[in-house]
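Pasting start11.txt here (compact mmCIF, C-alpha atoms and all ligand atoms):
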# COMPACT_ATOMS: atom_id res chain seq x y z
CA MET A 1 -8.44 -13.98 -9.31
CA GLY A 2 -10.07 -11.93 -12.07
CA LYS A 3 -11.71 -15.07 -13.40
CA GLN A 4 -13.04 -15.85 -9.92
CA VAL A 5 -14.55 -12.37 -9.59
CA ALA A 6 -16.12 -12.63 -13.04
CA ARG A 7 -17.70 -15.96 -12.16
CA TYR A 8 -19.05 -14.56 -8.89
CA ALA A 9 -20.45 -11.54 -10.68
CA LEU A 10 -22.13 -13.73 -13.28
CA LEU A 11 -23.80 -15.92 -10.66
CA VAL A 12 -24.90 -12.96 -8.55
CA ALA A 13 -26.35 -11.31 -11.65
CA LEU A 14 -28.25 -14.49 -12.48
CA ALA A 15 -29.53 -14.63 -8.90
CA MET A 16 -30.74 -11.04 -9.23
CA VAL A 17 -32.66 -11.90 -12.39
CA LEU A 18 -34.26 -14.87 -10.63
CA SER A 19 -35.13 -12.65 -7.65
CA TRP A 20 -36.88 -10.26 -9.98
CA LEU A 21 -38.73 -13.16 -11.58
CA GLU A 22 -39.88 -14.54 -8.25
CA SER A 23 -41.09 -11.10 -7.18
CA LEU A 24 -43.63 -11.47 -10.02
CA ILE A 25 -44.88 -14.82 -8.76
CA VAL A 26 -47.70 -14.53 -6.28
CA PHE A 27 -48.25 -17.82 -4.53
CA PRO A 28 -51.51 -17.84 -2.57
CA GLY A 29 -50.13 -19.62 0.50
CA LEU A 30 -47.24 -17.25 1.02
CA LEU A 31 -47.22 -14.37 3.43
CA PRO A 32 -46.48 -10.93 1.97
CA GLY A 33 -42.81 -10.49 1.23
CA MET A 34 -42.10 -14.18 1.10
CA LYS A 35 -40.34 -15.52 -1.95
CA VAL A 36 -40.63 -18.94 -3.52
CA GLY A 37 -36.88 -19.38 -3.68
CA LEU A 38 -35.92 -19.62 -7.35
CA THR A 39 -32.52 -18.15 -6.53
CA ASN A 40 -31.69 -21.49 -4.97
CA LEU A 41 -30.77 -22.47 -8.52
CA VAL A 42 -27.65 -20.33 -8.33
CA VAL A 43 -26.84 -21.47 -4.81
CA ILE A 44 -27.18 -25.13 -5.71
CA PHE A 45 -24.97 -24.64 -8.76
CA ALA A 46 -22.31 -23.01 -6.59
CA LEU A 47 -22.66 -25.78 -4.01
CA TYR A 48 -22.16 -28.58 -6.56
CA ARG A 49 -19.67 -26.94 -8.89
CA MET A 50 -17.71 -24.65 -6.59
CA SER A 51 -17.68 -24.96 -2.81
CA LEU A 52 -19.81 -24.38 0.25
CA ARG A 53 -17.87 -21.20 0.91
CA ASP A 54 -18.58 -19.89 -2.58
CA ALA A 55 -22.24 -20.81 -2.27
CA ALA A 56 -22.47 -18.96 1.06
CA ALA A 57 -20.69 -15.87 -0.31
CA ILE A 58 -22.90 -15.69 -3.42
CA SER A 59 -25.99 -16.26 -1.32
CA LEU A 60 -25.08 -13.46 1.09
CA VAL A 61 -24.22 -10.96 -1.65
CA ARG A 62 -27.48 -11.80 -3.39
CA VAL A 63 -29.52 -11.23 -0.20
CA LEU A 64 -27.82 -7.86 0.38
CA LEU A 65 -28.23 -6.67 -3.21
CA VAL A 66 -31.81 -7.81 -3.57
CA SER A 67 -32.84 -6.19 -0.30
CA MET A 68 -31.28 -2.91 -1.44
CA THR A 69 -32.90 -3.09 -4.87
CA PHE A 70 -36.43 -4.39 -4.40
CA GLY A 71 -36.47 -4.71 -0.63
CA SER A 72 -39.12 -3.84 1.89
CA ALA A 73 -38.72 -3.62 5.65
CA TYR A 74 -38.97 -7.34 6.22
CA SER A 75 -37.54 -8.71 3.04
CA PHE A 76 -33.95 -8.59 4.29
CA ALA A 77 -34.68 -10.63 7.40
CA TYR A 78 -36.84 -12.99 5.36
CA SER A 79 -34.29 -13.57 2.65
CA LEU A 80 -31.44 -13.97 5.08
CA ALA A 81 -33.23 -16.50 7.28
CA GLY A 82 -34.43 -18.42 4.23
CA ALA A 83 -31.01 -18.39 2.60
CA VAL A 84 -29.06 -19.44 5.71
CA LEU A 85 -31.39 -22.28 6.70
CA SER A 86 -31.69 -23.55 3.16
CA LEU A 87 -27.95 -23.51 2.48
CA ALA A 88 -27.15 -25.21 5.80
CA VAL A 89 -29.60 -28.05 5.14
CA MET A 90 -28.58 -28.44 1.49
CA ALA A 91 -24.89 -28.62 2.41
CA GLY A 92 -25.68 -31.19 5.11
CA LEU A 93 -27.79 -33.39 2.83
CA LYS A 94 -25.27 -33.17 0.01
CA LYS A 95 -22.60 -34.42 2.39
CA LEU A 96 -24.90 -37.20 3.58
CA ASP A 97 -24.97 -38.46 -0.03
CA LYS A 98 -28.39 -40.10 0.24
CA PHE A 99 -30.21 -37.80 -2.20
CA SER A 100 -29.54 -36.58 -5.72
CA ILE A 101 -29.34 -32.89 -6.55
CA LEU A 102 -33.14 -32.97 -6.92
CA GLY A 103 -33.76 -34.14 -3.34
CA VAL A 104 -31.18 -31.72 -1.97
CA SER A 105 -32.84 -28.89 -3.85
CA ILE A 106 -36.32 -29.88 -2.62
CA ALA A 107 -35.09 -29.86 0.97
CA GLY A 108 -33.50 -26.47 0.28
CA GLY A 109 -36.74 -25.08 -1.13
CA VAL A 110 -38.73 -26.25 1.88
CA CYS A 111 -36.15 -24.90 4.35
CA HIS A 112 -36.07 -21.60 2.48
CA ASN A 113 -39.77 -21.25 3.29
CA MET A 114 -39.37 -22.48 6.87
CA GLY A 115 -36.72 -19.83 7.53
CA GLN A 116 -39.09 -17.15 6.28
CA LEU A 117 -41.95 -18.52 8.37
CA LEU A 118 -39.80 -18.39 11.50
CA VAL A 119 -39.03 -14.72 10.82
CA ALA A 120 -42.72 -13.97 10.25
CA MET A 121 -43.54 -15.67 13.56
CA ALA A 122 -40.93 -13.57 15.31
CA VAL A 123 -42.25 -10.38 13.67
CA LEU A 124 -45.86 -11.10 14.56
CA GLY A 125 -44.93 -12.41 17.99
CA THR A 126 -46.99 -15.53 17.58
CA ALA A 127 -46.57 -19.19 16.78
CA ARG A 128 -50.05 -19.18 15.27
CA LEU A 129 -48.66 -18.77 11.77
CA GLY A 130 -48.36 -22.55 11.75
CA TRP A 131 -51.43 -22.34 9.52
CA TYR A 132 -49.21 -21.35 6.66
CA LEU A 133 -47.03 -24.39 7.08
CA PRO A 134 -48.87 -26.73 4.66
CA TRP A 135 -48.75 -24.23 1.78
CA LEU A 136 -45.17 -23.38 2.52
CA LEU A 137 -44.27 -27.08 2.40
CA VAL A 138 -46.05 -27.53 -0.93
CA SER A 139 -44.58 -24.41 -2.53
CA GLY A 140 -41.15 -25.38 -1.19
CA VAL A 141 -41.37 -28.80 -2.83
CA ALA A 142 -42.58 -27.21 -6.08
CA ALA A 143 -39.84 -24.59 -6.21
CA GLY A 144 -37.23 -27.13 -5.09
CA THR A 145 -38.24 -29.56 -7.83
CA ALA A 146 -38.01 -26.82 -10.46
CA THR A 147 -34.63 -25.52 -9.31
CA GLY A 148 -33.32 -29.05 -8.75
CA ALA A 149 -34.33 -30.21 -12.23
CA VAL A 150 -32.79 -27.20 -13.95
CA GLY A 151 -29.82 -27.22 -11.57
CA GLY A 152 -29.15 -30.88 -12.33
CA LEU A 153 -29.05 -30.18 -16.07
CA VAL A 154 -26.77 -27.19 -15.68
CA VAL A 155 -24.39 -28.90 -13.25
CA ASN A 156 -24.04 -31.88 -15.60
CA ARG A 157 -23.50 -29.73 -18.69
CA ILE A 158 -21.02 -27.26 -17.30
CA LYS A 159 -17.58 -28.55 -16.44
CA PRO A 160 -16.07 -27.74 -13.07
CA GLY A 161 -14.12 -24.50 -12.96
CA ILE A 162 -15.58 -22.64 -15.91
CA MET B 1 -27.92 -43.03 -8.79
CA LYS B 2 -31.14 -45.08 -8.74
CA LYS B 3 -30.94 -45.38 -4.98
CA LYS B 4 -30.64 -41.62 -4.65
CA HIS B 5 -33.72 -41.08 -6.75
CA ARG B 6 -35.64 -43.30 -4.38
CA GLY B 7 -34.38 -41.09 -1.57
CA ASP B 8 -35.58 -37.98 -3.43
CA LEU B 9 -39.00 -39.49 -3.97
CA LEU B 10 -39.33 -40.53 -0.34
CA LEU B 11 -38.31 -37.06 0.81
CA ALA B 12 -40.74 -35.21 -1.49
CA GLY B 13 -43.50 -37.72 -0.76
CA SER B 14 -43.22 -37.44 2.99
CA ILE B 15 -43.15 -33.63 2.89
CA LEU B 16 -46.28 -33.55 0.72
CA LEU B 17 -47.97 -36.11 2.95
CA LEU B 18 -47.21 -33.94 5.99
CA ALA B 19 -48.65 -30.93 4.16
CA GLY B 20 -51.82 -32.88 3.38
CA VAL B 21 -52.27 -33.97 6.98
CA LEU B 22 -51.73 -30.42 8.23
CA LEU B 23 -54.20 -29.01 5.69
CA PHE B 24 -56.78 -31.46 6.94
CA LEU B 25 -56.11 -30.55 10.58
CA PHE B 26 -56.23 -26.78 9.88
CA ARG B 27 -59.33 -26.88 7.67
CA PRO B 28 -61.80 -24.09 8.36
CA GLY B 29 -64.82 -25.03 10.47
CA GLY B 30 -68.41 -23.82 10.31
CA GLN B 31 -69.74 -20.28 10.66
CA GLY B 32 -67.76 -18.53 13.41
CA ALA B 33 -68.98 -16.41 16.30
CA TRP B 34 -66.17 -13.96 17.08
CA VAL B 35 -63.80 -11.70 15.21
CA VAL B 36 -60.59 -11.63 17.24
CA VAL B 37 -57.98 -8.97 16.57
CA THR B 38 -54.39 -9.66 17.59
CA ALA B 39 -51.62 -7.08 17.33
CA ASP B 40 -48.00 -7.81 18.19
CA GLY B 41 -49.04 -11.21 19.49
CA ALA B 42 -51.59 -9.90 22.02
CA GLU B 43 -55.36 -9.85 21.66
CA ILE B 44 -56.56 -6.24 21.43
CA ALA B 45 -60.22 -6.61 20.53
CA ARG B 46 -63.00 -9.11 20.04
CA TYR B 47 -66.26 -8.39 18.20
CA PRO B 48 -69.32 -10.58 17.65
CA LEU B 49 -69.48 -11.68 14.02
CA ASP B 50 -73.24 -11.18 13.83
CA GLU B 51 -73.15 -7.44 14.70
CA ASP B 52 -72.38 -5.12 11.79
CA ARG B 53 -69.74 -2.51 12.45
CA THR B 54 -66.75 -0.74 10.98
CA VAL B 55 -63.66 -0.27 13.13
CA ARG B 56 -60.48 1.62 12.50
CA LEU B 57 -57.54 -0.38 13.86
CA GLY B 58 -54.18 1.25 14.47
CA ASP B 59 -53.11 4.89 14.60
CA ASP B 60 -52.83 7.82 12.20
CA THR B 61 -49.98 6.39 10.18
CA ASP B 62 -50.64 2.65 10.28
CA TYR B 63 -54.26 1.68 9.99
CA ASN B 64 -56.55 -1.09 8.82
CA ILE B 65 -60.29 -0.58 8.46
CA LEU B 66 -62.09 -3.70 9.64
CA GLN B 67 -65.65 -4.09 8.44
CA ILE B 68 -68.02 -6.66 9.88
CA ALA B 69 -71.22 -6.98 7.85
CA GLY B 70 -73.72 -9.72 7.16
CA GLY B 71 -71.86 -12.31 9.25
CA ALA B 72 -68.49 -11.82 7.53
CA ALA B 73 -65.41 -9.75 8.32
CA ALA B 74 -63.01 -8.06 5.91
CA VAL B 75 -60.28 -5.46 5.88
CA VAL B 76 -61.69 -2.95 3.41
CA GLU B 77 -58.90 -0.40 3.55
CA ALA B 78 -55.34 -0.24 4.85
CA ASP B 79 -52.22 1.82 4.37
CA CYS B 80 -49.80 -1.07 4.59
CA GLY B 81 -47.52 -1.44 1.59
CA ASP B 82 -48.68 -4.78 0.27
CA HIS B 83 -52.46 -4.80 0.83
CA THR B 84 -52.48 -8.56 1.25
CA CYS B 85 -54.94 -8.03 4.11
CA VAL B 86 -57.38 -6.24 1.83
CA ARG B 87 -57.00 -8.79 -0.95
CA THR B 88 -57.72 -11.66 1.45
CA GLY B 89 -61.38 -10.65 1.21
CA GLU B 90 -64.14 -11.80 3.51
CA ILE B 91 -63.73 -14.35 6.27
CA SER B 92 -66.55 -15.93 8.24
CA ARG B 93 -65.68 -19.53 9.10
CA GLU B 94 -63.96 -20.70 12.25
CA GLY B 95 -60.20 -20.71 11.82
CA GLU B 96 -60.14 -18.32 8.85
CA ARG B 97 -57.89 -15.30 9.19
CA ILE B 98 -56.55 -12.12 7.67
CA VAL B 99 -52.91 -11.26 8.28
CA CYS B 100 -51.31 -7.85 7.82
CA LEU B 101 -47.63 -8.46 8.31
CA PRO B 102 -46.44 -4.84 7.95
CA HIS B 103 -48.81 -3.84 10.76
CA ARG B 104 -48.22 -7.06 12.72
CA LEU B 105 -51.94 -7.66 12.80
CA ILE B 106 -53.96 -10.86 12.73
CA ILE B 107 -57.74 -10.92 12.46
CA GLN B 108 -59.15 -14.34 13.13
CA ILE B 109 -62.58 -15.94 13.27
CA GLU B 110 -63.28 -18.00 16.35
CA GLY B 111 -66.21 -20.18 17.27
CA GLY B 112 -68.45 -19.91 20.28
CA ASP B 113 -66.21 -22.13 22.38
CA GLY B 114 -62.84 -20.52 21.75
CA PRO B 115 -60.41 -21.28 18.96
CA VAL B 116 -60.75 -24.48 16.95
CA PHE B 117 -57.07 -24.70 16.52
CA ASP B 118 -54.22 -22.90 18.19
CA ALA B 119 -50.83 -23.77 16.74
CA SER B 120 -49.10 -22.27 19.77
CA ALA B 121 -50.76 -24.87 21.96
CA GLY B 122 -49.49 -27.72 19.89
ZN ZN C 1 -52.07 -5.10 5.26

Go ahead and render the structure in this file as structure tokens.
Ligand SMILES: [Zn+2]
Amino acid sequence: MGKQVARYALLVALAMVLSWLESLIVFPGLLPGMKVGLTNLVVIFALYRMSLRDAAAISLVRVLLVSMTFGSAYSFAYSLAGAVLSLAVMAGLKKLDKFSILGVSIAGGVCHNMGQLLVAMAVLGTARLGWYLPWLLVSGVAAGTATGAVGGLVVNRIKPGI
Amino acid sequence: MKKKHRGDLLLAGSILLLAGVLLFLFRPGGQGAWVVVTADGAEIARYPLDEDRTVRLGDDTDYNILQIAGGAAAVVEADCGDHTCVRTGEISREGERIVCLPHRLIIQIEGGDGPVFDASAG
């Protein structure tokens, strides 16, 4: 039990560091408050080395903590929508077993952005934000490739149940 | 493993292809004719792009100063937290836009014959 808590704490801490890092990255195609989704690295690690339930728990704790620490009015809704959609799709694709961790992570990165776009559309009361879609797709693929590549290395190096 | 990598490549490739097609479809047009202001999803004002003016949008606590000058529009001042709207700079071509998410405001350039592209219409 103590070991479990320690592992959770470690992953959440890592996710917080990544959140801080991504707050420094300004991607031109993103709407204010949107994040590129580097924290998917931690989620994908949890998904491949722990379980879906662990990944969901870590993801949720991360969203709550980050919103309290560097959050603005919309960042909570953004992060939550991005996190939920991305985790759901990644879990589904992992189960499908047609893609490697890289493909799963790319899909997660793209869905992370789609979730945020949907929230922005709801906030602005318009579907017109479809303009942002191309850039969100590109940045999602870029972030997903980065997290998938690193995630793949980490998952292969670290034995299950550390 | 090899097969999965082909899956990854196909996935990334098709997403990027879609992005490219969308970028082409949403490309800005020529010099626009109207500056259309939308707040909370409803159009609140429309100014000709060729008439210089400065307008204060919003109320005492949430405002954006819209300046139209020399055939281009820009938000020159705002009290939103992120100032993305101000940093967007000048817009003048059909389909270009400035978004202020904290104030739920969109300022868009339209042509003489209505919008070039309206994502809500398809
Ligand atoms: Zn603004």

(request) Output the contact residues of chain A with respect to chain B at a cut-off of 9 Å, based on only C-alpha atoms, as a VMD selection string. (result) chain A and resid 31 to 33 72 to 74 97 to 104 106 to 107 110 120 123 to 131 133 to 138 141 145

Worksheet entry | Atomic distance atom CA of A:Ser67 - atom CA of A:Arg53, expressed in Å with one decimal |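 Calculated distance between atom CA of A:Ser67 and atom CA of A:Arg53 is 21.2 Å.
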
B:Arg46 surroundings by only C-alpha atoms, 7 Å radius, close-in-sequence under 6 positions cut, as a PyMOL selection string: chain B and resi 34-37

Computed gap from atom CA of B:Ile65 to atom CA of B:Arg53 is 10.4 Å

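Between atom CA of A:Ser59 and atom CA of A:Ala83 the separation is 6.7 Å.
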
**Item:** Spatial neighbours of B:Gly70, 9 Å, only C-alpha atoms, chain gap at least 5 places, as JSON, numbers by chain
**Value:** {"B": [49, 50, 51, 52]}

Go ahead and dump the residues you just picked, C-alpha atoms, as a PDB file, in the coordinates of the input.
ATOM      1  CA  LEU B  49     -69.480 -11.680  14.020  1.00  0.00           C
ATOM      2  CA  ASP B  50     -73.240 -11.180  13.830  1.00  0.00           C
ATOM      3  CA  GLU B  51     -73.150  -7.440  14.700  1.00  0.00           C
ATOM      4  CA  ASP B  52     -72.380  -5.120  11.790  1.00  0.00           C
TER       5      ASP B  52
END

Pick from A:Ser75, A:Thr147, A:Ser19, A:Ser105 nearest to A:Leu41, counting all atoms listed in the file: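 Comparing A:Ser75, A:Thr147, A:Ser19, A:Ser105 against A:Leu41, the winner is A:Thr147.
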
Once you count all atoms listed in the file, which residues end up no further than 6 Å from (-34.1, -24.4, 1.5) in the file's frame, shown as a list in words? Ser86, Ala107, Gly108, Gly109, Val110, Cys111 and His112 of chain A

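The smallest atom-to-atom distance between B:Ile98 and any of B:Cys80, B:Gly30, B:Leu66, B:Gly71, using only C-alpha atoms, is found for B:Leu66.
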
Worksheet item: Got a sec: who's within 7 Å of B:Ile91, counting all atoms listed in the file, leaving out chain neighbours fewer than 2 positions off, as a list in words?
Response: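 Near neighbours after the sequence-gap exclusion: Ala72, Ala73, Ala74, Gly89, Arg93, Glu96 and Arg97 of chain B.
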
*asked:* Applying 9 Å and all atoms listed in the file, which residues near A:Ala56 remain after dropping the ones on its own chain fewer than 4 positions away? List them as a count of residues only.
replied: 10

The residue from A:Leu10, A:Ala55, A:Met114, A:Val89 with the smallest atom-to-atom distance to A:Lys35, counting all atoms listed in the file, is A:Met114

- Excluding B:Glu110 and any residue of its chain fewer than 5 positions from it, enumerate the residues within 6 Å of it, using only C-alpha atoms, and give them as a list of chain:residue names.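 Listed by chain and then number, they are B:Gly32, B:Ala33, B:Trp34, B:Glu94, B:Pro115.
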